[in-house]
Amino acid sequence: MGSISFDELSAPKPHVVLFPFMSKGHTIPILHLARLLIARDLAVTVFTTSANRPFISHFLTGTTVSIIDLPFPHDVEGTGIPQGIESTDKLPSISMIFEFALATERMKDDFERVLETLPRPIIFMVCDDFLWWTQDSADKFDIIRLSFMGMSAYATAVCRDAAYSGVFDDQKHHSDDELIALSRLPWISITKNDFSPEFFNRDTQSLSSQFHAKVFATIARRYGQILNSFYELEPVFVDYLKNEVAIKAWCIGPLCLTQPPFRSTSTTSAGMEEDDSKPTWVRWLDQKLEKGSSVLYVAFGSQAEVSPEQLREIAMGLEESYVNFLWVIRKNESELPDNFGERVGERGIVVSDWVDQMEILKHESVKGFLSHCGWNSVLESVCVGVPILAWPFMAEQHLNARMVHEEIKIGLRVETINGSVRGFVSGEELRKKVKELMEGENGRQVRKNVNELSVMAKKAVEKGGSSWQSLDSLIQETCDKAM
Ligand code: UDP
């Protein structure tokens, strides 16, 4: 177990405990939050596992955050927790999400042993909704627990209203792609395919049902929820959650505007050259900027799994669009079509390292983002004023894509060959939509919209802005209760 530096915590500063889930999309915003809380003069402790510690300490370099890594006990008897997970360091594959999330409960005893020893007052803790069992620990030590799911207010509200409207009800036989109007958000039409298939799983014995039952039961017990968003981006949905669903929610984002003061999070030296601390892809972007060229950034987050056939279609679409592109792939580059690199030449660069996505998006040459619409990616694009070509793969990404395209209108959307919101996308469709985003009239309109939102995002986190005030009121309220 990692050791805590009590020296740093000995001052009677109010203390906040953070426990992110062990995936990058869930961890990164919580690390931004850690910086934000330290800037508000609070002491912060982050819980994690040993394999995640290096990423977290690198991300929080130069801060006073204490990091505690918990072990993963293999010998917990009779907990009913599924076997087959060797550690809680990293989700082995998205298909193991429920086994993995359920297995995290094995860390509870160690978590509580350390929690008991931390300096008081702990004014609140923020734990991922996937770590539902931390609510028991919070109750045991009488600590206010706020949950974090990393979703937009839009997606959270649509899921709530869909449940209310009977979309998940097996008595209502809608076909998967039939548009269904929501009851309380009636201008939104949604299909069953916009939701994760697990929402429709009626097998109460399944891991997915067990997991959801635990998470939902805990949601009712938490003190409130942190939203990584800003009020001006989705006022109707924030109000809906607060007023109609009666959730205590604090909208304190975009957390990505709390940027760490370093350039690349790459853990290897790959992509770097000795004479220049900039990664090669950033120097490539610099060259494009010097020539006055614009670039499409292509990336699908840390979890999306792209089939080899789909990868080839993307390659074809990018090649035939004749735009400049920087494409981050989580696969081996050898799966790309033969001679792809030679055919696109200087026009494109493919990167398989971990990149600092925010640094790329902020680069002045980047004028479009072909994205899977993970919520962090959407927010990052909003913050830097880069319009999106939405291509969702899983989780709540389909809802985010609808939001991007239909609600806040900061992006276009690719269509699948079968017309469903899920499915294969042809190279020709990609070519067409990439051109439209980068050069067309629709692209111009969504670029204008996202630029306006980008200004509002920055205002929201400035002193006196909506997110700034929201965090202030949270600290005030929890300090009053804890001290
Ligand atoms: N990210 C990054 N470098 C990469 C891949 C991802 O910095 O090479 C970051 C990205 O900026 C975002 C997070 O990882 O903050 C991914 O979260 P998102 O919600 O967009 O997608 P997920 O990975 O959860 O599907």
# chains A, B, ... in the order shown; residues from 1 in each chain; ligands from 1

$ closest_atom_pairs --of "chain A" --to "ligand 1" --cutoff "6 Å" --atoms "only C-alpha atoms and all ligand atoms" --output "CSV"
residue,atom,partner,partner_atom_place_in_ligand_line,distance
A:Lys24,CA,ligand 1,14 (O),5.3
A:Gly25,CA,ligand 1,24 (O),3.4
A:Ile28,CA,ligand 1,15 (O),5.8
A:Gly301,CA,ligand 1,23 (O),3.7
A:Ser302,CA,ligand 1,23 (O),3.5
A:Gln303,CA,ligand 1,25 (O),5.0
A:Trp354,CA,ligand 1,8 (O),3.8
A:Val355,CA,ligand 1,8 (O),4.1
A:Asp356,CA,ligand 1,7 (O),4.2
A:Gln357,CA,ligand 1,7 (O),4.0
A:Met358,CA,ligand 1,11 (O),5.5
A:Gly374,CA,ligand 1,19 (O),3.6
A:Trp375,CA,ligand 1,19 (O),4.3
A:Asn376,CA,ligand 1,19 (O),3.8
A:Ser377,CA,ligand 1,20 (O),3.6

$ select_by_dssp --residues "region 297-333 of chain A" --states "alpha helix (DSSP H)" --output "list in words"
Pro308, Glu309, Gln310, Leu311, Arg312, Glu313, Ile314, Ala315, Met316, Gly317, Leu318, Glu319, Glu320 and Ser321 of chain A

$ write_last_selection --atoms "C-alpha atoms" --output "PDB file, in the first residue's frame"
ATOM      1  CA  PRO A 308     -10.049  -4.176 -38.726  1.00  0.00           C
ATOM      2  CA  GLU A 309     -12.680  -3.731 -41.492  1.00  0.00           C
ATOM      3  CA  GLN A 310     -13.837  -0.453 -39.981  1.00  0.00           C
ATOM      4  CA  LEU A 311     -10.254   0.711 -39.589  1.00  0.00           C
ATOM      5  CA  ARG A 312      -9.708   0.213 -43.330  1.00  0.00           C
ATOM      6  CA  GLU A 313     -12.826   2.230 -44.183  1.00  0.00           C
ATOM      7  CA  ILE A 314     -11.645   5.071 -41.962  1.00  0.00           C
ATOM      8  CA  ALA A 315      -8.294   4.991 -43.726  1.00  0.00           C
ATOM      9  CA  MET A 316     -10.020   5.109 -47.112  1.00  0.00           C
ATOM     10  CA  GLY A 317     -12.304   7.983 -46.085  1.00  0.00           C
ATOM     11  CA  LEU A 318      -9.403  10.027 -44.751  1.00  0.00           C
ATOM     12  CA  GLU A 319      -7.239   9.345 -47.786  1.00  0.00           C
ATOM     13  CA  GLU A 320      -9.961  10.322 -50.243  1.00  0.00           C
ATOM     14  CA  SER A 321     -11.081  13.402 -48.336  1.00  0.00           C
TER      15      SER A 321
END

$ residues_around --residues "Arg120 (chain A)" --least-positions-apart "5" --cutoff "8 Å" --atoms "only C-alpha atoms" --output "list of chain:residue names"
A:Pro12, A:Pro14, A:His15

$ residues_around --residues "Val366 (chain A)" --least-positions-apart "5" --cutoff "6 Å" --atoms "only C-alpha atoms" --output "PDB file with C-alpha atoms, in the first residue's frame"
ATOM      1  CA  SER A 294      -5.921  23.102 -41.262  1.00  0.00           C
ATOM      2  CA  VAL A 295      -5.991  19.650 -39.676  1.00  0.00           C
ATOM      3  CA  LEU A 296      -8.692  17.142 -38.722  1.00  0.00           C
TER       4      LEU A 296
END

$ residues_around --residues "Ser95 (chain A)" --least-positions-apart "2" --cutoff "12 Å" --atoms "only C-alpha atoms" --output "CSV table (one decimal) with C-alpha atoms, in the first residue's frame"
chain,number,residue,atom,x,y,z
A,91,LEU,CA,-10.2,-2.7,-17.2
A,92,PRO,CA,-8.9,-5.7,-19.3
A,93,SER,CA,-11.6,-5.1,-22.0
A,97,ILE,CA,-16.8,-4.0,-17.3
A,98,PHE,CA,-19.3,-5.6,-14.9
A,99,GLU,CA,-16.9,-8.2,-13.5
A,100,PHE,CA,-14.3,-5.6,-13.1
A,101,ALA,CA,-16.6,-3.0,-11.4
A,198,GLU,CA,-27.6,-3.6,-20.8
A,207,LEU,CA,-23.8,-9.4,-13.7
A,208,SER,CA,-25.0,-6.3,-15.5
A,303,GLN,CA,-11.8,2.3,-24.7
A,304,ALA,CA,-13.6,2.1,-28.1
A,305,GLU,CA,-12.8,-1.0,-30.1
A,394,MET,CA,-20.8,2.6,-26.9
A,395,ALA,CA,-21.8,3.6,-23.4

$ residues_around --residues "Thr156 (chain A)" --least-positions-apart "3" --cutoff "10 Å" --atoms "only C-alpha atoms" --output "list of chain:residue names"
A:Met149, A:Gly150, A:Met151, A:Ser152, A:Ala153, A:Cys159, A:Arg160, A:Asp161, A:Ala162, A:Leu227, A:Phe237, A:Val238, A:Tyr240, A:Leu241, A:Glu396, A:Leu399

$ residues_around --residues "Glu380 (chain A)" --least-positions-apart "5" --cutoff "10 Å" --atoms "only C-alpha atoms" --output "VMD selection string"
chain A and resid 254 to 257 357 to 359 361 to 362 375 385 to 386 454

$ select_by_dssp --residues "region 82-155 of chain A" --states "strand (DSSP E)" --output "list in words"
Ile122, Ile123, Phe124, Met125, Val126, Cys127, Asp128, Arg145, Leu146, Ser147 and Phe148 of chain A

$ closest_residue --among "A:Met438, A:Val158, A:Ile38, A:Ile252" --to "His398 (chain A)" --atoms "only C-alpha atoms"
A:Val158

$ atom_distance --atom1 "CA of Gly224 (chain A)" --atom2 "CA of Thr61 (chain A)"
29.3 Å

$ atom_distance --atom1 "CA of Lys140 (chain A)" --atom2 "CA of Glu112 (chain A)"
8.8 Å

$ decode --residues "region 76-198 of chain A" --atoms "C-alpha atoms" --output "compact mmCIF listing (two decimals), in the first residue's frame"
# COMPACT_ATOMS: atom_id res chain seq x y z
CA VAL A 76 -12.04 -12.48 -0.08
CA GLU A 77 -14.43 -15.33 0.68
CA GLY A 78 -18.18 -15.30 0.35
CA THR A 79 -18.56 -11.82 -1.08
CA GLY A 80 -20.34 -13.08 -4.18
CA ILE A 81 -17.92 -11.07 -6.25
CA PRO A 82 -17.20 -12.67 -9.64
CA GLN A 83 -13.94 -14.44 -10.27
CA GLY A 84 -11.77 -13.87 -13.31
CA ILE A 85 -10.39 -10.43 -12.48
CA GLU A 86 -6.75 -10.48 -11.50
CA SER A 87 -6.48 -6.90 -10.34
CA THR A 88 -8.41 -3.64 -10.30
CA ASP A 89 -5.62 -1.74 -11.99
CA LYS A 90 -7.08 -1.60 -15.45
CA LEU A 91 -10.22 -2.72 -17.20
CA PRO A 92 -8.94 -5.67 -19.31
CA SER A 93 -11.60 -5.12 -21.96
CA ILE A 94 -14.85 -3.22 -22.12
CA SER A 95 -16.66 -6.59 -22.27
CA MET A 96 -15.44 -7.27 -18.68
CA ILE A 97 -16.79 -3.99 -17.27
CA PHE A 98 -19.31 -5.58 -14.87
CA GLU A 99 -16.95 -8.25 -13.51
CA PHE A 100 -14.35 -5.56 -13.06
CA ALA A 101 -16.61 -3.00 -11.40
CA LEU A 102 -18.07 -5.62 -9.05
CA ALA A 103 -14.57 -6.80 -8.12
CA THR A 104 -13.56 -3.31 -6.95
CA GLU A 105 -15.59 -3.97 -3.80
CA ARG A 106 -12.69 -6.15 -2.61
CA MET A 107 -10.77 -2.95 -1.92
CA LYS A 108 -13.32 -1.78 0.65
CA ASP A 109 -11.64 -3.03 3.84
CA ASP A 110 -8.30 -1.44 2.95
CA PHE A 111 -10.02 1.74 1.83
CA GLU A 112 -11.76 2.01 5.20
CA ARG A 113 -8.57 1.21 7.14
CA VAL A 114 -6.85 4.19 5.51
CA LEU A 115 -9.89 6.46 5.53
CA GLU A 116 -10.10 6.10 9.30
CA THR A 117 -6.56 7.44 9.72
CA LEU A 118 -6.84 10.48 7.43
CA PRO A 119 -6.71 13.93 9.04
CA ARG A 120 -10.08 15.51 9.74
CA PRO A 121 -12.17 17.38 8.87
CA ILE A 122 -12.96 15.57 5.64
CA ILE A 123 -15.54 17.95 4.22
CA PHE A 124 -16.59 15.57 1.42
CA MET A 125 -15.48 12.77 -0.80
CA VAL A 126 -16.06 12.42 -4.52
CA CYS A 127 -16.22 8.80 -5.66
CA ASP A 128 -17.12 7.34 -8.99
CA ASP A 129 -20.64 5.91 -9.24
CA PHE A 130 -19.01 2.64 -10.38
CA LEU A 131 -17.40 2.43 -6.90
CA TRP A 132 -20.85 2.28 -5.31
CA TRP A 133 -19.58 0.52 -2.18
CA THR A 134 -17.72 3.66 -1.09
CA GLN A 135 -21.14 4.89 0.09
CA ASP A 136 -21.03 2.28 2.89
CA SER A 137 -17.62 3.63 3.91
CA ALA A 138 -18.86 7.22 3.78
CA ASP A 139 -21.82 6.31 6.01
CA LYS A 140 -19.60 4.40 8.41
CA PHE A 141 -17.35 7.43 8.98
CA ASP A 142 -20.10 10.01 8.59
CA ILE A 143 -18.52 11.68 5.58
CA ILE A 144 -20.50 13.48 2.88
CA ARG A 145 -20.18 11.49 -0.36
CA LEU A 146 -20.76 13.02 -3.78
CA SER A 147 -20.84 10.78 -6.77
CA PHE A 148 -19.31 11.32 -10.17
CA MET A 149 -20.35 9.57 -13.36
CA GLY A 150 -18.58 11.72 -15.93
CA MET A 151 -21.79 12.21 -17.93
CA SER A 152 -23.42 15.35 -19.27
CA ALA A 153 -26.59 16.71 -17.66
CA TYR A 154 -28.24 16.03 -21.04
CA ALA A 155 -27.39 12.30 -21.01
CA THR A 156 -28.31 11.97 -17.33
CA ALA A 157 -31.64 13.72 -17.88
CA VAL A 158 -32.46 11.75 -21.04
CA CYS A 159 -31.79 8.44 -19.25
CA ARG A 160 -34.06 9.52 -16.40
CA ASP A 161 -36.84 10.66 -18.72
CA ALA A 162 -36.50 7.56 -20.90
CA ALA A 163 -37.02 5.42 -17.81
CA TYR A 164 -40.04 7.57 -16.88
CA SER A 165 -41.38 7.36 -20.47
CA GLY A 166 -41.19 3.56 -20.43
CA VAL A 167 -38.45 3.23 -23.06
CA PHE A 168 -36.81 0.43 -21.02
CA ASP A 169 -40.15 -1.17 -20.21
CA ASP A 170 -40.45 -4.56 -21.93
CA GLN A 171 -44.23 -4.14 -22.15
CA LYS A 172 -43.69 -1.44 -24.76
CA HIS A 173 -42.50 -3.11 -27.93
CA HIS A 174 -40.72 -0.37 -29.78
CA SER A 175 -38.37 -1.55 -32.50
CA ASP A 176 -34.71 -0.72 -31.93
CA ASP A 177 -34.61 2.23 -34.35
CA GLU A 178 -38.11 3.63 -33.88
CA LEU A 179 -38.09 7.25 -32.72
CA ILE A 180 -39.76 7.62 -29.33
CA ALA A 181 -40.67 11.05 -27.91
CA LEU A 182 -39.73 11.61 -24.28
CA SER A 183 -42.50 12.65 -21.88
CA ARG A 184 -40.94 15.54 -20.01
CA LEU A 185 -38.36 16.54 -22.60
CA PRO A 186 -40.80 16.25 -25.53
CA TRP A 187 -38.65 17.90 -28.20
CA ILE A 188 -36.17 15.05 -27.85
CA SER A 189 -36.76 11.89 -29.84
CA ILE A 190 -34.69 8.89 -29.03
CA THR A 191 -34.40 5.27 -30.13
CA LYS A 192 -33.71 2.16 -28.05
CA ASN A 193 -30.41 1.93 -29.90
CA ASP A 194 -29.29 5.19 -28.28
CA PHE A 195 -28.89 3.36 -24.96
CA SER A 196 -26.47 0.66 -23.87
CA PRO A 197 -27.97 -2.79 -24.53
CA GLU A 198 -27.59 -3.59 -20.79
